[in-house]
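Next comes structure28.txt, with compact mmCIF, C-alpha atoms.
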```txt
# COMPACT_ATOMS: atom_id res chain seq x y z
CA MET Z 1 -15.73 -27.10 2.71
CA PHE Z 2 -17.71 -25.62 5.61
CA ARG Z 3 -14.50 -24.46 7.33
CA ALA Z 4 -13.29 -22.76 4.13
CA LEU Z 5 -16.56 -20.87 3.72
CA LEU Z 6 -16.52 -19.85 7.38
CA SER Z 7 -12.94 -18.51 7.06
CA LEU Z 8 -13.88 -16.55 3.94
CA PHE Z 9 -16.87 -14.99 5.73
CA LEU Z 10 -14.74 -13.95 8.72
CA VAL Z 11 -12.06 -12.35 6.51
CA ALA Z 12 -14.71 -10.38 4.58
CA SER Z 13 -16.37 -9.23 7.80
CA VAL Z 14 -13.12 -7.99 9.33
CA SER Z 15 -11.95 -6.21 6.16
CA ALA Z 16 -15.10 -4.07 6.18
CA PHE Z 17 -13.89 -2.45 9.42
CA VAL Z 18 -10.23 -1.89 8.53
CA PRO Z 19 -9.48 1.87 8.92
CA GLY Z 20 -7.69 2.00 5.58
CA SER Z 21 -10.87 0.97 3.76
CA ARG Z 22 -13.28 3.50 5.22
CA PHE Z 23 -14.20 4.73 1.73
CA ASP Z 24 -15.66 2.43 -0.90
CA ARG Z 25 -14.84 2.87 -4.58
CA GLY Z 26 -17.71 5.32 -4.99
CA GLY Z 27 -16.31 7.68 -2.38
CA THR Z 28 -18.74 6.69 0.39
CA ALA Z 29 -17.34 6.51 3.92
CA LEU Z 30 -18.49 3.42 5.74
CA GLY Z 31 -19.92 3.72 9.28
CA VAL Z 32 -17.20 1.99 11.32
CA ALA Z 33 -17.07 1.29 15.05
CA ILE Z 34 -13.88 2.75 16.57
CA ASP Z 35 -12.57 3.74 20.00
CA THR Z 36 -10.43 6.53 21.44
CA SER Z 37 -7.20 4.89 20.22
CA ASP Z 38 -8.37 5.25 16.60
CA ILE Z 39 -9.10 9.00 16.75
CA LYS Z 40 -7.25 11.11 14.17
CA ASN Z 41 -7.43 14.79 13.19
CA GLY Z 42 -9.85 15.35 10.31
CA MET Z 43 -11.90 12.24 11.07
CA THR Z 44 -15.69 12.66 10.97
CA ILE Z 45 -17.64 11.11 13.85
CA GLU Z 46 -21.41 10.86 14.31
CA LEU Z 47 -22.59 12.15 17.69
CA ASP Z 48 -26.29 12.37 18.57
CA GLY Z 49 -27.19 11.90 14.90
CA GLU Z 50 -24.98 14.74 13.62
CA PRO Z 51 -21.53 14.79 11.94
CA TYR Z 52 -18.59 16.18 13.93
CA LYS Z 53 -15.09 16.70 12.56
CA VAL Z 54 -12.12 16.08 14.87
CA LEU Z 55 -10.10 19.32 15.09
CA GLY Z 56 -7.63 18.10 17.70
CA PHE Z 57 -7.18 15.76 20.63
CA SER Z 58 -4.90 15.16 23.59
CA ILE Z 59 -4.31 12.13 25.81
CA MET Z 60 -3.87 12.57 29.56
CA LYS Z 61 -2.21 9.64 31.31
CA GLN Z 62 -3.06 9.11 34.96
CA ALA Z 63 -1.01 7.52 37.72
CA ARG Z 64 -3.96 5.33 38.56
CA GLY Z 65 -6.73 4.26 36.28
CA ALA Z 66 -7.18 4.46 32.53
CA ALA Z 67 -5.95 7.38 30.45
CA LYS Z 68 -8.40 10.03 29.30
CA THR Z 69 -8.72 11.53 25.83
CA THR Z 70 -9.96 15.09 25.31
CA ILE Z 71 -11.29 15.72 21.79
CA LYS Z 72 -12.22 19.01 20.14
CA PHE Z 73 -14.98 18.65 17.54
CA LYS Z 74 -16.62 20.91 14.99
CA ASN Z 75 -20.29 20.32 14.19
CA LEU Z 76 -20.35 20.27 10.38
CA ILE Z 77 -24.02 21.26 10.25
CA LYS Z 78 -24.26 24.01 12.88
CA GLY Z 79 -20.62 25.17 12.73
CA ASN Z 80 -20.11 25.29 16.51
CA THR Z 81 -17.20 23.60 18.31
CA ILE Z 82 -17.34 21.43 21.42
CA GLU Z 83 -14.74 19.73 23.61
CA ASN Z 84 -15.45 16.42 25.35
CA THR Z 85 -13.34 14.13 27.54
CA TYR Z 86 -13.63 10.35 27.24
CA ARG Z 87 -12.27 7.35 29.12
CA SER Z 88 -9.73 5.26 27.23
CA GLY Z 89 -11.47 2.70 25.04
CA GLU Z 90 -14.82 4.51 24.75
CA LYS Z 91 -16.58 3.69 21.49
CA PHE Z 92 -17.60 5.94 18.57
CA GLU Z 93 -18.97 5.43 15.10
CA THR Z 94 -17.59 7.20 12.07
CA ALA Z 95 -20.19 9.25 10.19
CA LEU Z 96 -21.65 7.68 7.06
CA ILE Z 97 -20.55 10.33 4.57
CA GLU Z 98 -20.07 10.55 0.83
CA LYS Z 99 -17.27 12.44 -0.89
CA ASN Z 100 -17.58 13.43 -4.56
CA ALA Z 101 -15.48 15.54 -6.93
CA HIS Z 102 -17.27 18.69 -8.13
CA GLN Z 103 -16.29 21.72 -10.18
CA TYR Z 104 -17.08 25.19 -8.90
CA THR Z 105 -19.16 27.08 -11.48
CA TYR Z 106 -20.67 30.29 -10.09
CA GLU Z 107 -22.18 32.20 -7.14
CA ASP Z 108 -25.73 33.54 -7.00
CA GLY Z 109 -26.82 35.41 -3.89
CA ASN Z 110 -26.27 33.19 -0.83
CA ALA Z 111 -25.71 30.05 -2.91
CA PHE Z 112 -22.63 28.61 -4.57
CA PHE Z 113 -23.10 26.21 -7.46
CA PHE Z 114 -20.98 23.15 -8.20
CA MET Z 115 -21.16 20.57 -11.00
CA ASN Z 116 -20.59 16.88 -10.32
CA SER Z 117 -17.49 15.89 -12.33
CA ALA Z 118 -18.94 12.45 -13.16
CA THR Z 119 -22.69 13.01 -13.63
CA PHE Z 120 -22.65 16.76 -14.49
CA ASP Z 121 -25.51 17.29 -12.01
CA GLU Z 122 -25.57 20.76 -10.44
CA VAL Z 123 -25.55 21.20 -6.67
CA ALA Z 124 -26.34 24.43 -4.81
CA VAL Z 125 -24.51 24.94 -1.51
CA ASP Z 126 -25.46 27.55 1.07
CA SER Z 127 -22.83 30.20 1.79
CA LYS Z 128 -22.85 29.20 5.49
CA VAL Z 129 -21.64 25.72 4.53
CA VAL Z 130 -18.99 27.11 2.18
CA GLY Z 131 -17.69 29.36 4.98
CA ASP Z 132 -14.10 30.64 4.76
CA VAL Z 133 -13.42 28.32 1.82
CA VAL Z 134 -14.99 31.02 -0.36
CA ASP Z 135 -11.64 32.87 -0.19
CA TRP Z 136 -10.03 30.18 -2.36
CA LEU Z 137 -12.77 29.43 -4.89
CA GLU Z 138 -12.08 30.21 -8.53
CA GLU Z 139 -14.31 29.40 -11.47
CA GLY Z 140 -13.54 25.91 -12.79
CA MET Z 141 -11.72 24.78 -9.63
CA GLU Z 142 -12.22 21.13 -8.66
CA VAL Z 143 -13.21 20.58 -5.03
CA GLN Z 144 -14.62 17.77 -2.91
CA LEU Z 145 -18.19 18.04 -1.61
CA ILE Z 146 -18.89 16.06 1.56
CA PHE Z 147 -22.46 14.75 1.89
CA PHE Z 148 -24.21 13.54 5.05
CA LYS Z 149 -27.73 12.17 4.70
CA ASP Z 150 -27.99 13.67 1.19
CA SER Z 151 -27.01 17.19 2.32
CA VAL Z 152 -23.69 18.94 1.67
CA ILE Z 153 -21.96 19.57 5.00
CA GLU Z 154 -18.50 20.66 3.86
CA VAL Z 155 -16.62 21.98 0.83
CA VAL Z 156 -12.97 20.91 0.68
CA VAL Z 157 -10.52 22.74 -1.59
CA PRO Z 158 -7.08 21.35 -2.54
CA GLN Z 159 -4.58 21.87 0.27
CA THR Z 160 -2.20 23.63 -2.09
CA GLY Z 161 -2.85 25.74 -5.16
CA PHE Z 162 -1.31 28.26 -7.56
CA TYR Z 163 -2.66 31.81 -7.53
CA GLU Z 164 -1.71 35.13 -9.07
CA ILE Z 165 -0.81 38.08 -6.87
CA ALA Z 166 -3.61 40.49 -7.79
CA GLU Z 167 -2.60 43.35 -5.53
CA THR Z 168 0.34 44.17 -3.26
CA GLU Z 169 2.61 47.09 -2.49
CA PRO Z 170 5.64 47.44 -4.78
CA ASN Z 171 8.98 46.08 -3.72
CA VAL Z 172 11.12 48.88 -2.31
CA LYS Z 173 14.59 48.98 -3.90
CA GLY Z 174 17.31 48.37 -1.41
CA ASN Z 175 15.00 46.70 1.10
CA THR Z 176 16.95 43.54 1.82
CA ALA Z 177 15.73 42.94 5.35
CA GLN Z 178 15.61 39.20 5.90
CA GLY Z 179 12.12 37.93 6.65
CA TYR Z 180 10.39 41.09 5.41
CA THR Z 181 6.81 40.32 4.39
CA LYS Z 182 3.86 42.31 3.11
CA PRO Z 183 0.12 41.64 2.65
CA ALA Z 184 -1.13 40.57 -0.77
CA THR Z 185 -4.55 39.95 -2.28
CA LEU Z 186 -4.62 36.91 -4.55
CA SER Z 187 -6.64 36.30 -7.71
CA CYS Z 188 -9.09 34.15 -5.72
CA GLY Z 189 -9.75 36.96 -3.22
CA ALA Z 190 -7.77 35.59 -0.27
CA THR Z 191 -5.30 37.83 1.55
CA ILE Z 192 -2.02 36.41 2.86
CA ASN Z 193 1.47 37.61 3.75
CA ILE Z 194 4.13 37.14 1.08
CA PRO Z 195 7.88 37.82 0.92
CA GLY Z 196 8.71 41.45 0.18
CA TYR Z 197 10.57 40.67 -3.07
CA LEU Z 198 7.45 39.39 -4.85
CA GLU Z 199 5.59 41.67 -7.26
CA GLN Z 200 2.03 42.06 -8.47
CA GLY Z 201 1.21 39.67 -11.33
CA GLU Z 202 3.51 36.87 -10.18
CA MET Z 203 2.20 33.33 -9.64
CA ILE Z 204 2.81 31.69 -6.28
CA LYS Z 205 2.07 28.37 -4.59
CA VAL Z 206 -0.04 28.65 -1.43
CA ASP Z 207 -1.05 26.36 1.44
CA THR Z 208 -4.81 27.01 1.60
CA GLU Z 209 -5.25 25.33 4.99
CA LYS Z 210 -2.57 27.40 6.71
CA ARG Z 211 -3.17 30.44 4.48
CA ALA Z 212 0.57 30.61 3.91
CA PHE Z 213 2.97 31.33 1.04
CA LEU Z 214 4.97 28.25 -0.02
CA GLU Z 215 7.05 29.22 -3.06
CA ARG Z 216 7.22 31.25 -6.23
CA ALA Z 217 5.78 29.33 -9.18
CA SER Z 218 8.28 28.14 -11.79
CA LYS Z 219 8.21 30.18 -14.98
```

As structure tokens, what does this structure read like?
Amino acid sequence: MFRALLSLFLVASVSAFVPGSRFDRGGTALGVAIDTSDIKNGMTIELDGEPYKVLGFSIMKQARGAAKTTIKFKNLIKGNTIENTYRSGEKFETALIEKNAHQYTYEDGNAFFFMNSATFDEVAVDSKVVGDVVDWLEEGMEVQLIFFKDSVIEVVVPQTGFYEIAETEPNVKGNTAQGYTKPATLSCGATINIPGYLEQGEMIKVDTEKRAFLERASK
């Protein structure tokens, strides 16, 4: 009986630190101890009490001694980026963050307002936190708000979305040059390059992260 209980306790303890279970059912990321081999782009690490997002990393193998990992971070509170080099196996702790679905409602001065999709509570987010994401916000859009110690540190929009071409130069008849593109302003306010054959008023699918045209929306 004692051995069975001990085995159950060990399994439960280990499962709490499995990378695939970093978020509980409520959308809260668990603080997990990791090392350089676990680093992935987009991961949020806590350094000196502040959340840092991994923007990129590279591993440098050495003829003698352990490999070194160089990681580029973005401070999600201050907005600055840093680059640090670590010995292989150095330890980190993932930031204890919470991710919740919210609906964008409106802008007022330097604040953007979002409504929690489950509780309907309203949250005001400073424009500095919203940052370049503002280009993609449309009224009623569902986004993810990332909280750290009860404060919103990041607004995440869907990686792809459908937008109307609000303004672009007309397609010139006879212009069949392959790869010809032109700038276009979308209904959300973002400006991207689109293929020359597209016209104002058409709906297109866009990669918001890369700010790139993907395809013409099906009619």

Give me the residues within 12 Å of region 129-133 of chain Z as a PyMOL selection string, counting all atoms listed in the file and dropping any in the same chain fewer than 6 places off. chain Z and resi 75-79+104+107+110-114+143-147+151-159+188-191+208-211

Kindly extract all protein, DNA and RNA residues lying within 9 Å of the coordinates (-13.1, 19.3, 19.3) given in the file, considering only C-alpha atoms, and supply them as a ChimeraX atom specification. /Z:52-57,70-75,81-84

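For the atom pair formed by CA of Val32 (chain Z) and CA of Lys61 (chain Z), the distance is 26.1 Å, given to one decimal.
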
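Counting from CA of Gly109 (chain Z), the distance to CA of Gly140 (chain Z) is 18.6 Å.
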
CA of Lys99 (chain Z) to CA of Thr69 (chain Z), straight-line distance in Å: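 Distance reported for this atom pair: 28.1 Å.
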
Check the smallest atom-to-atom distance from each of Z:Ala66, Z:Ala124, Z:Gly196, Z:Tyr86 to Ile39 (chain Z) using all atoms listed in the file, then report the winner.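 Between Z:Ala66, Z:Ala124, Z:Gly196, Z:Tyr86, the residue approaching Ile39 (chain Z) most closely is Z:Tyr86.
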
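By all atoms listed in the file, and with residues fewer than 3 positions from Asp38 (chain Z) along its chain excluded, the set lying at most 10 Å from it is Pro19, Ala33, Ile34, Asp35, Met43, Gly89, Lys91 and Phe92 of chain Z.
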
Need to verify the contact set: Asp207 (chain Z), 10 Å, all atoms listed in the file, exclusion of same-chain residues closer than 6 positions in sequence. Can you return it as an MDAnalysis selection string? chainID Z and resid 158:162 213:215

So which residues touch Ala67 (chain Z) within 8 Å, counting only C-alpha atoms, skipping near sequence neighbours fewer than 3 positions away, as number ranges by chain? Z: 59-62, 87-88

Compile the contact shell of Ala95 (chain Z) as a list in words: residues with an atom at most 7 Å away, counting all atoms listed in the file, same-chain residues fewer than 6 positions apart removed.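 What passes the distance filter is Gly31, Thr44, Ile45, Glu46 and Pro51 of chain Z.
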
Residues just named, written with C-alpha atoms as a short mmCIF file (atom, residue, chain, number, x, y, z; two decimals), in the coordinates of the input:
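New file part27.cif:
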```
data_model
loop_
_atom_site.label_atom_id
_atom_site.label_comp_id
_atom_site.auth_asym_id
_atom_site.auth_seq_id
_atom_site.Cartn_x
_atom_site.Cartn_y
_atom_site.Cartn_z
CA GLY Z 31 -19.92 3.72 9.28
CA THR Z 44 -15.69 12.66 10.97
CA ILE Z 45 -17.64 11.11 13.85
CA GLU Z 46 -21.41 10.86 14.31
CA PRO Z 51 -21.53 14.79 11.94
#
```

When you count all atoms listed in the file, which of these residues is closest to Asp108 (chain Z): Z:Asp121, Z:Ser58, Z:Asp126, Z:Leu137?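 So, comparing all the options, the nearest one is Z:Asp126.
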
Would you fill the gaps in region 135-151 of chain Z so it has N, CA, C and O atoms, then print it as a compact mmCIF listing (two decimals), in the coordinates of the input?
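Output (out-v2.txt):
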```txt
# COMPACT_ATOMS: atom_id res chain seq x y z
N ASP Z 135 -12.84 32.08 0.13
CA ASP Z 135 -11.64 32.87 -0.19
C ASP Z 135 -10.79 32.22 -1.29
O ASP Z 135 -10.03 32.91 -1.97
N TRP Z 136 -10.91 30.90 -1.44
CA TRP Z 136 -10.03 30.18 -2.36
C TRP Z 136 -10.72 29.75 -3.64
O TRP Z 136 -10.07 29.23 -4.55
N LEU Z 137 -12.03 29.93 -3.73
CA LEU Z 137 -12.77 29.43 -4.89
C LEU Z 137 -12.50 30.27 -6.13
O LEU Z 137 -12.58 31.50 -6.10
N GLU Z 138 -12.22 29.58 -7.21
CA GLU Z 138 -12.08 30.21 -8.53
C GLU Z 138 -12.89 29.40 -9.52
O GLU Z 138 -12.99 28.16 -9.41
N GLU Z 139 -13.48 30.08 -10.48
CA GLU Z 139 -14.31 29.40 -11.47
C GLU Z 139 -13.54 28.25 -12.14
O GLU Z 139 -12.42 28.43 -12.59
N GLY Z 140 -14.16 27.07 -12.17
CA GLY Z 140 -13.54 25.91 -12.79
C GLY Z 140 -12.71 25.07 -11.84
O GLY Z 140 -12.25 23.98 -12.20
N MET Z 141 -12.52 25.53 -10.59
CA MET Z 141 -11.72 24.78 -9.63
C MET Z 141 -12.42 23.48 -9.23
O MET Z 141 -13.63 23.46 -9.01
N GLU Z 142 -11.65 22.40 -9.12
CA GLU Z 142 -12.22 21.13 -8.66
C GLU Z 142 -12.08 21.02 -7.15
O GLU Z 142 -11.00 21.25 -6.61
N VAL Z 143 -13.18 20.70 -6.49
CA VAL Z 143 -13.21 20.58 -5.03
C VAL Z 143 -13.88 19.25 -4.68
O VAL Z 143 -14.38 18.54 -5.55
N GLN Z 144 -13.89 18.95 -3.40
CA GLN Z 144 -14.62 17.77 -2.91
C GLN Z 144 -15.82 18.26 -2.09
O GLN Z 144 -15.67 19.10 -1.20
N LEU Z 145 -17.01 17.76 -2.42
CA LEU Z 145 -18.19 18.04 -1.61
C LEU Z 145 -18.44 16.83 -0.71
O LEU Z 145 -18.44 15.69 -1.17
N ILE Z 146 -18.64 17.12 0.58
CA ILE Z 146 -18.89 16.06 1.56
C ILE Z 146 -20.38 16.05 1.88
O ILE Z 146 -20.95 17.06 2.32
N PHE Z 147 -21.03 14.90 1.66
CA PHE Z 147 -22.46 14.75 1.89
C PHE Z 147 -22.72 13.91 3.14
O PHE Z 147 -22.02 12.93 3.41
N PHE Z 148 -23.73 14.32 3.90
CA PHE Z 148 -24.21 13.54 5.05
C PHE Z 148 -25.73 13.52 4.98
O PHE Z 148 -26.37 14.56 5.02
N LYS Z 149 -26.28 12.33 4.83
CA LYS Z 149 -27.73 12.17 4.70
C LYS Z 149 -28.27 13.06 3.57
O LYS Z 149 -29.24 13.81 3.74
N ASP Z 150 -27.59 12.99 2.43
CA ASP Z 150 -27.99 13.67 1.19
C ASP Z 150 -27.84 15.19 1.22
O ASP Z 150 -28.30 15.88 0.31
N SER Z 151 -27.24 15.73 2.26
CA SER Z 151 -27.01 17.19 2.32
C SER Z 151 -25.52 17.47 2.35
O SER Z 151 -24.75 16.74 2.99
```
